[in-house]
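Heads up, upload.csv below (CSV, C-alpha atoms):
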chain,number,residue,atom,x,y,z
U,64,GLN,CA,-23.6,-4.8,33.8
U,65,GLN,CA,-25.7,-3.4,31.0
U,66,GLN,CA,-25.2,0.3,30.7
U,67,VAL,CA,-27.7,0.8,27.9
U,68,LYS,CA,-31.0,-1.1,28.1
U,69,GLN,CA,-33.2,-1.3,25.0
U,70,SER,CA,-36.8,-2.4,24.6
U,71,PRO,CA,-38.7,-4.0,23.1
U,72,GLN,CA,-36.6,-6.9,21.7
U,73,SER,CA,-38.9,-7.2,18.8
U,74,LEU,CA,-41.7,-5.2,17.2
U,75,ILE,CA,-44.3,-5.9,14.5
U,76,VAL,CA,-46.0,-2.9,12.9
U,77,GLN,CA,-48.3,-2.4,10.0
U,78,LYS,CA,-47.2,-0.4,7.0
U,79,GLY,CA,-47.9,3.3,7.6
U,80,GLY,CA,-47.8,2.8,11.4
U,81,ILE,CA,-45.4,4.2,14.0
U,82,SER,CA,-42.5,2.1,15.4
U,83,ILE,CA,-41.2,3.2,18.8
U,84,ILE,CA,-38.1,1.9,20.4
U,85,ASN,CA,-36.9,2.9,23.9
U,86,CYS,CA,-33.5,3.0,25.5
U,87,ALA,CA,-32.3,3.9,29.0
U,88,TYR,CA,-28.8,4.5,30.1
U,89,GLU,CA,-27.0,4.6,33.4
U,90,ASN,CA,-23.8,6.5,32.9
U,91,THR,CA,-24.3,10.3,33.1
U,92,ALA,CA,-21.0,10.8,31.4
U,93,PHE,CA,-22.5,9.7,28.1
U,94,ASP,CA,-23.0,12.7,25.8
U,95,TYR,CA,-23.6,11.2,22.4
U,96,PHE,CA,-26.5,9.0,21.5
U,97,PRO,CA,-26.7,7.4,18.0
U,98,TRP,CA,-29.1,5.0,16.6
U,99,TYR,CA,-27.9,2.3,14.1
U,100,GLN,CA,-29.8,0.3,11.6
U,101,GLN,CA,-28.6,-3.2,10.6
U,102,PHE,CA,-29.9,-5.4,7.8
U,103,PRO,CA,-29.0,-9.2,7.8
U,104,GLY,CA,-25.5,-9.9,6.7
U,105,LYS,CA,-24.5,-6.2,6.9
U,106,GLY,CA,-22.7,-4.0,9.4
U,107,PRO,CA,-24.7,-1.4,11.4
U,108,ALA,CA,-25.2,2.0,9.6
U,109,LEU,CA,-25.8,5.3,11.4
U,110,LEU,CA,-29.4,6.4,11.2
U,111,ILE,CA,-29.6,9.5,13.4
U,112,ALA,CA,-27.9,10.8,16.5
U,113,ILE,CA,-28.5,13.3,19.3
U,114,ARG,CA,-26.6,15.1,22.0
U,115,PRO,CA,-28.0,15.9,25.5
U,116,ASP,CA,-28.4,19.7,24.8
U,117,VAL,CA,-31.3,18.9,22.4
U,118,SER,CA,-34.6,17.2,23.4
U,119,GLU,CA,-35.7,16.2,20.0
U,120,LYS,CA,-34.1,15.7,16.6
U,121,LYS,CA,-35.9,14.8,13.4
U,122,GLU,CA,-34.6,13.5,10.1
U,123,GLY,CA,-37.2,12.6,7.5
U,124,ARG,CA,-39.4,9.8,9.0
U,125,PHE,CA,-37.0,9.2,11.9
U,126,THR,CA,-37.2,11.2,15.2
U,127,ILE,CA,-35.1,10.9,18.4
U,128,SER,CA,-36.7,12.1,21.6
U,129,PHE,CA,-34.3,12.6,24.5
U,130,ASN,CA,-35.1,13.0,28.3
U,131,LYS,CA,-31.9,13.9,30.1
U,132,SER,CA,-33.4,13.8,33.6
U,133,ALA,CA,-34.9,10.4,33.1
U,134,LYS,CA,-31.8,9.2,31.3
U,135,GLN,CA,-33.9,7.9,28.5
U,136,PHE,CA,-34.1,8.3,24.7
U,137,SER,CA,-36.3,6.8,22.0
U,138,LEU,CA,-36.5,6.4,18.3
U,139,HIS,CA,-39.8,6.9,16.5
U,140,ILE,CA,-40.2,5.7,12.9
U,141,MET,CA,-43.2,7.4,11.3
U,142,ASP,CA,-45.0,6.0,8.4
U,143,SER,CA,-43.2,2.7,8.7
U,144,GLN,CA,-42.4,0.9,5.4
U,145,PRO,CA,-41.5,-2.7,4.7
U,146,GLY,CA,-38.0,-1.5,3.8
U,147,ASP,CA,-37.6,-0.4,7.4
U,148,SER,CA,-37.7,-4.0,8.5
U,149,ALA,CA,-34.3,-4.4,10.2
U,150,THR,CA,-32.6,-4.5,13.6
U,151,TYR,CA,-32.2,-1.2,15.4
U,152,PHE,CA,-29.6,-0.5,18.0
U,153,CYS,CA,-29.3,2.5,20.3
U,154,ALA,CA,-25.9,3.3,21.6
U,155,ALA,CA,-24.1,5.8,23.8
U,156,SER,CA,-20.6,7.2,24.1
U,157,LYS,CA,-18.7,9.6,26.4
U,158,ALA,CA,-17.3,11.8,23.8
U,159,ALA,CA,-16.9,12.2,20.0
U,160,GLY,CA,-15.0,9.5,18.4
U,161,ASN,CA,-15.1,7.3,21.5
U,162,LYS,CA,-16.2,3.7,21.9
U,163,LEU,CA,-19.9,3.0,21.6
U,164,THR,CA,-21.9,1.1,24.2
U,165,PHE,CA,-24.8,-0.6,22.5
U,166,GLY,CA,-28.3,-1.6,23.6
U,167,GLY,CA,-29.4,-5.1,23.0
U,168,GLY,CA,-31.2,-4.4,19.7
U,169,THR,CA,-34.8,-4.4,18.5
U,170,ARG,CA,-35.9,-6.4,15.5
U,171,VAL,CA,-38.6,-4.5,13.6
U,172,LEU,CA,-40.9,-6.2,11.1
U,173,VAL,CA,-43.1,-3.9,9.0
U,174,LYS,CA,-46.0,-5.9,7.5
U,175,PRO,CA,-47.3,-4.7,4.1
B,866,GLY,CA,-16.1,5.9,-2.3
B,867,ALA,CA,-15.0,2.7,-0.8
B,868,GLY,CA,-16.3,1.8,2.7
B,869,VAL,CA,-14.7,-0.2,5.5
B,870,SER,CA,-13.7,-3.6,4.2
B,871,GLN,CA,-13.1,-6.8,6.2
B,872,SER,CA,-11.6,-10.1,5.3
B,873,PRO,CA,-12.4,-12.9,5.3
B,874,SER,CA,-16.2,-12.6,5.3
B,875,ASN,CA,-16.4,-16.1,6.8
B,876,LYS,CA,-14.0,-18.1,8.8
B,877,VAL,CA,-14.4,-21.6,10.1
B,878,THR,CA,-11.7,-22.9,12.4
B,879,GLU,CA,-11.1,-25.7,14.9
B,880,LYS,CA,-10.9,-25.2,18.6
B,881,GLY,CA,-7.4,-24.3,19.7
B,882,LYS,CA,-6.3,-22.8,16.4
B,883,ASP,CA,-5.2,-19.2,15.9
B,884,VAL,CA,-7.1,-16.8,13.6
B,885,GLU,CA,-6.4,-13.4,12.1
B,886,LEU,CA,-9.1,-11.1,11.0
B,887,ARG,CA,-8.3,-8.1,8.8
B,888,CYS,CA,-9.9,-4.6,8.6
B,889,ASP,CA,-9.2,-1.9,6.0
B,890,PRO,CA,-10.7,1.4,7.2
B,891,ILE,CA,-11.9,4.2,5.0
B,892,SER,CA,-9.0,6.2,3.7
B,893,GLY,CA,-8.1,9.2,5.9
B,894,HIS,CA,-10.0,7.8,8.9
B,895,THR,CA,-7.7,8.1,11.9
B,896,ALA,CA,-9.9,6.1,14.4
B,897,LEU,CA,-10.5,2.4,14.1
B,898,TYR,CA,-12.7,0.2,16.3
B,899,TRP,CA,-13.3,-3.5,16.7
B,900,TYR,CA,-16.6,-4.8,18.0
B,901,ARG,CA,-18.0,-8.3,18.5
B,902,GLN,CA,-21.6,-9.2,17.8
B,903,SER,CA,-22.9,-12.4,19.3
B,904,LEU,CA,-26.4,-13.8,20.1
B,905,GLY,CA,-25.7,-13.9,23.8
B,906,GLN,CA,-23.8,-10.6,24.3
B,907,GLY,CA,-25.1,-8.3,21.6
B,908,LEU,CA,-22.7,-5.8,20.2
B,909,GLU,CA,-19.7,-5.3,22.4
B,910,PHE,CA,-16.6,-3.1,22.1
B,911,LEU,CA,-13.2,-4.8,21.9
B,912,ILE,CA,-10.5,-2.3,21.1
B,913,TYR,CA,-10.0,1.3,19.7
B,914,PHE,CA,-7.1,2.9,17.9
B,915,GLN,CA,-6.8,6.6,17.5
B,916,GLY,CA,-3.9,8.0,15.5
B,917,ASN,CA,-0.6,7.4,17.2
B,918,SER,CA,-2.1,7.2,20.7
B,919,ALA,CA,-1.9,4.0,22.8
B,920,PRO,CA,-4.9,1.8,21.9
B,921,ASP,CA,-7.9,1.4,24.3
B,922,LYS,CA,-7.8,-2.3,25.0
B,923,SER,CA,-10.4,-2.2,27.7
B,924,GLY,CA,-12.9,-4.4,25.9
B,925,LEU,CA,-10.7,-7.4,25.0
B,926,PRO,CA,-12.2,-10.4,26.8
B,927,SER,CA,-9.0,-12.3,27.5
B,928,ASP,CA,-5.3,-12.2,26.8
B,929,ARG,CA,-6.0,-14.6,23.8
B,930,PHE,CA,-7.2,-11.5,21.9
B,931,SER,CA,-4.8,-8.9,20.5
B,932,ALA,CA,-4.9,-6.4,17.7
B,933,GLU,CA,-2.5,-4.2,15.9
B,934,ARG,CA,-2.7,-1.4,13.4
B,935,THR,CA,0.1,-0.9,11.0
B,936,GLY,CA,1.0,2.4,9.4
B,937,GLY,CA,-2.2,4.0,10.9
B,938,SER,CA,-4.3,2.1,8.4
B,939,VAL,CA,-4.9,-1.6,8.2
B,940,SER,CA,-5.7,-3.5,11.4
B,941,THR,CA,-5.5,-7.1,12.3
B,942,LEU,CA,-7.4,-8.8,15.2
B,943,THR,CA,-5.8,-12.0,16.3
B,944,ILE,CA,-7.4,-14.6,18.4
B,945,GLN,CA,-5.1,-17.3,19.8
B,946,ARG,CA,-6.2,-20.8,20.9
B,947,THR,CA,-9.8,-20.2,19.8
B,948,GLN,CA,-12.7,-21.4,21.9
B,949,GLN,CA,-16.3,-22.1,20.9
B,950,GLU,CA,-17.4,-19.1,22.8
B,951,ASP,CA,-15.4,-16.9,20.4
B,952,SER,CA,-17.9,-17.7,17.6
B,953,ALA,CA,-19.4,-14.4,16.6
B,954,VAL,CA,-19.4,-11.7,14.0
B,955,TYR,CA,-16.4,-9.4,14.4
B,956,LEU,CA,-17.1,-5.9,13.2
B,957,CYS,CA,-14.6,-3.2,12.4
B,958,ALA,CA,-15.5,0.5,12.2
B,959,SER,CA,-13.6,3.7,11.4
B,960,SER,CA,-14.3,7.4,11.8
B,961,SER,CA,-12.7,10.6,10.5
B,962,PRO,CA,-10.9,13.1,12.7
B,963,GLY,CA,-13.3,15.1,14.9
B,964,SER,CA,-16.3,13.1,13.7
B,965,ASP,CA,-18.8,11.2,15.8
B,966,THR,CA,-19.9,8.9,13.1
B,967,GLN,CA,-18.5,5.4,13.0
B,968,TYR,CA,-18.7,3.6,9.7
B,969,PHE,CA,-19.0,-0.2,10.0
B,970,GLY,CA,-17.7,-2.9,7.7
B,971,PRO,CA,-19.7,-6.0,6.8
B,972,GLY,CA,-18.0,-8.1,9.5
B,973,THR,CA,-16.3,-11.4,9.6
B,974,ARG,CA,-18.4,-14.4,10.8
B,975,LEU,CA,-16.1,-16.6,12.9
B,976,THR,CA,-17.3,-20.1,13.7
B,977,VAL,CA,-15.2,-22.2,16.0
B,978,LEU,CA,-15.9,-25.9,15.8

What would the structure in this file look like if it were written as structure tokens?
Amino acid sequence: QQQVKQSPQSLIVQKGGISIINCAYENTAFDYFPWYQQFPGKGPALLIAIRPDVSEKKEGRFTISFNKSAKQFSLHIMDSQPGDSATYFCAASKAAGNKLTFGGGTRVLVKP
Amino acid sequence: GAGVSQSPSNKVTEKGKDVELRCDPISGHTALYWYRQSLGQGLEFLIYFQGNSAPDKSGLPSDRFSAERTGGSVSTLTIQRTQQEDSAVYLCASSSPGSDTQYFGPGTRLTVL
């Protein structure tokens, strides 16, 4: 039973391009949706997060779009850089400080 | 400041042996989480400690897995009678009171031969 589905599994983008990763969730009790970035050999690190009362949140080159009615949210990485090459995970939880349910991850490769 | 630390960074054990994995959360963080990251299952929740409350053990895959948190700080995850399917990276995270953000450690890579 996969409560958070993430796509695509992998993504190759040219430097300067836009990376788009999509997630869909099933549990309407989820109310916190973070994105984590993970480099090889490291633990995941919070990139950006959103709550359902907001449809979009932008931090630098990273934007989350949220569609509550469709139960979907996405991460857009603008002006992708080789240093953005990493695995990205979407996640969801029912309340602040609660356990996270993760998507399957997307491996992003930015070609110079 | 210091982040979440985990030890050992790598552990190789034989099937049937017991292992203990340690997590030192960020000072002052009252919540502590254990997750497991494996190729087949992705990142999955194991157990969650919040202050003095009873832990949420709903993610533990079997009774071979247990965890404790001493003095509201350091936590140990114990796996008894390890099996090959236990091979994974075990990640610990902590968060401060009232915060959504979970800070992850580098993980312990467990290999069961």

Near stretch 867-875 of chain B, within 7 Å and counting all atoms listed in the file, which residues show up once chain neighbours fewer than 4 positions away are dropped, as an MDAnalysis selection string?
chainID B and resid 886:891 958 968:975

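Counting from atom CA of B:Gln949, the distance to atom CA of U:Val171 is 29.3 Å.
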
Provide as a PDB file with C-alpha atoms, in the coordinates of the input the residues of chain B at most 12 Å from chain U, counting all atoms listed in the file.
ATOM      1  CA  GLY B 868     -16.300   1.800   2.700  1.00  0.00           C
ATOM      2  CA  VAL B 869     -14.700  -0.200   5.500  1.00  0.00           C
ATOM      3  CA  SER B 870     -13.700  -3.600   4.200  1.00  0.00           C
ATOM      4  CA  GLN B 871     -13.100  -6.800   6.200  1.00  0.00           C
ATOM      5  CA  SER B 874     -16.200 -12.600   5.300  1.00  0.00           C
ATOM      6  CA  ASN B 875     -16.400 -16.100   6.800  1.00  0.00           C
ATOM      7  CA  HIS B 894     -10.000   7.800   8.900  1.00  0.00           C
ATOM      8  CA  THR B 895      -7.700   8.100  11.900  1.00  0.00           C
ATOM      9  CA  ALA B 896      -9.900   6.100  14.400  1.00  0.00           C
ATOM     10  CA  LEU B 897     -10.500   2.400  14.100  1.00  0.00           C
ATOM     11  CA  TYR B 898     -12.700   0.200  16.300  1.00  0.00           C
ATOM     12  CA  TRP B 899     -13.300  -3.500  16.700  1.00  0.00           C
ATOM     13  CA  TYR B 900     -16.600  -4.800  18.000  1.00  0.00           C
ATOM     14  CA  ARG B 901     -18.000  -8.300  18.500  1.00  0.00           C
ATOM     15  CA  GLN B 902     -21.600  -9.200  17.800  1.00  0.00           C
ATOM     16  CA  SER B 903     -22.900 -12.400  19.300  1.00  0.00           C
ATOM     17  CA  LEU B 904     -26.400 -13.800  20.100  1.00  0.00           C
ATOM     18  CA  GLY B 905     -25.700 -13.900  23.800  1.00  0.00           C
ATOM     19  CA  GLN B 906     -23.800 -10.600  24.300  1.00  0.00           C
ATOM     20  CA  GLY B 907     -25.100  -8.300  21.600  1.00  0.00           C
ATOM     21  CA  LEU B 908     -22.700  -5.800  20.200  1.00  0.00           C
ATOM     22  CA  GLU B 909     -19.700  -5.300  22.400  1.00  0.00           C
ATOM     23  CA  PHE B 910     -16.600  -3.100  22.100  1.00  0.00           C
ATOM     24  CA  LEU B 911     -13.200  -4.800  21.900  1.00  0.00           C
ATOM     25  CA  ILE B 912     -10.500  -2.300  21.100  1.00  0.00           C
ATOM     26  CA  TYR B 913     -10.000   1.300  19.700  1.00  0.00           C
ATOM     27  CA  PHE B 914      -7.100   2.900  17.900  1.00  0.00           C
ATOM     28  CA  GLN B 915      -6.800   6.600  17.500  1.00  0.00           C
ATOM     29  CA  GLY B 916      -3.900   8.000  15.500  1.00  0.00           C
ATOM     30  CA  PRO B 920      -4.900   1.800  21.900  1.00  0.00           C
ATOM     31  CA  ASP B 921      -7.900   1.400  24.300  1.00  0.00           C
ATOM     32  CA  LYS B 922      -7.800  -2.300  25.000  1.00  0.00           C
ATOM     33  CA  SER B 923     -10.400  -2.200  27.700  1.00  0.00           C
ATOM     34  CA  GLY B 924     -12.900  -4.400  25.900  1.00  0.00           C
ATOM     35  CA  VAL B 954     -19.400 -11.700  14.000  1.00  0.00           C
ATOM     36  CA  TYR B 955     -16.400  -9.400  14.400  1.00  0.00           C
ATOM     37  CA  LEU B 956     -17.100  -5.900  13.200  1.00  0.00           C
ATOM     38  CA  CYS B 957     -14.600  -3.200  12.400  1.00  0.00           C
ATOM     39  CA  ALA B 958     -15.500   0.500  12.200  1.00  0.00           C
ATOM     40  CA  SER B 959     -13.600   3.700  11.400  1.00  0.00           C
ATOM     41  CA  SER B 960     -14.300   7.400  11.800  1.00  0.00           C
ATOM     42  CA  SER B 961     -12.700  10.600  10.500  1.00  0.00           C
ATOM     43  CA  PRO B 962     -10.900  13.100  12.700  1.00  0.00           C
ATOM     44  CA  GLY B 963     -13.300  15.100  14.900  1.00  0.00           C
ATOM     45  CA  SER B 964     -16.300  13.100  13.700  1.00  0.00           C
ATOM     46  CA  ASP B 965     -18.800  11.200  15.800  1.00  0.00           C
ATOM     47  CA  THR B 966     -19.900   8.900  13.100  1.00  0.00           C
ATOM     48  CA  GLN B 967     -18.500   5.400  13.000  1.00  0.00           C
ATOM     49  CA  TYR B 968     -18.700   3.600   9.700  1.00  0.00           C
ATOM     50  CA  PHE B 969     -19.000  -0.200  10.000  1.00  0.00           C
ATOM     51  CA  GLY B 970     -17.700  -2.900   7.700  1.00  0.00           C
ATOM     52  CA  PRO B 971     -19.700  -6.000   6.800  1.00  0.00           C
ATOM     53  CA  GLY B 972     -18.000  -8.100   9.500  1.00  0.00           C
ATOM     54  CA  THR B 973     -16.300 -11.400   9.600  1.00  0.00           C
ATOM     55  CA  ARG B 974     -18.400 -14.400  10.800  1.00  0.00           C
TER      56      ARG B 974
END

When distances are computed from all atoms listed in the file, which of B:Lys882, B:Val977, B:Gly893, B:Asn917 shows the smallest separation from B:Arg929?
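Among the listed residues, B:Lys882 lies closest to B:Arg929.
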
To one decimal place, how far is atom CA of U:Trp98 from atom CA of U:Lys78 in Å?
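Pair atom CA of U:Trp98 / atom CA of U:Lys78 returns 21.2 Å.
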
Interatomic distance between atom CA of B:Asp883 and atom CA of B:Thr976?
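A separation of 12.3 Å between them.
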
Ranking U:Gln101, U:Asn90, U:Thr126, U:Gln72 by minimum distance to U:Thr150 and counting all atoms listed in the file, which one comes first?
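Of U:Gln101, U:Asn90, U:Thr126, U:Gln72, the one nearest U:Thr150 is U:Gln101, counting all atoms listed in the file.
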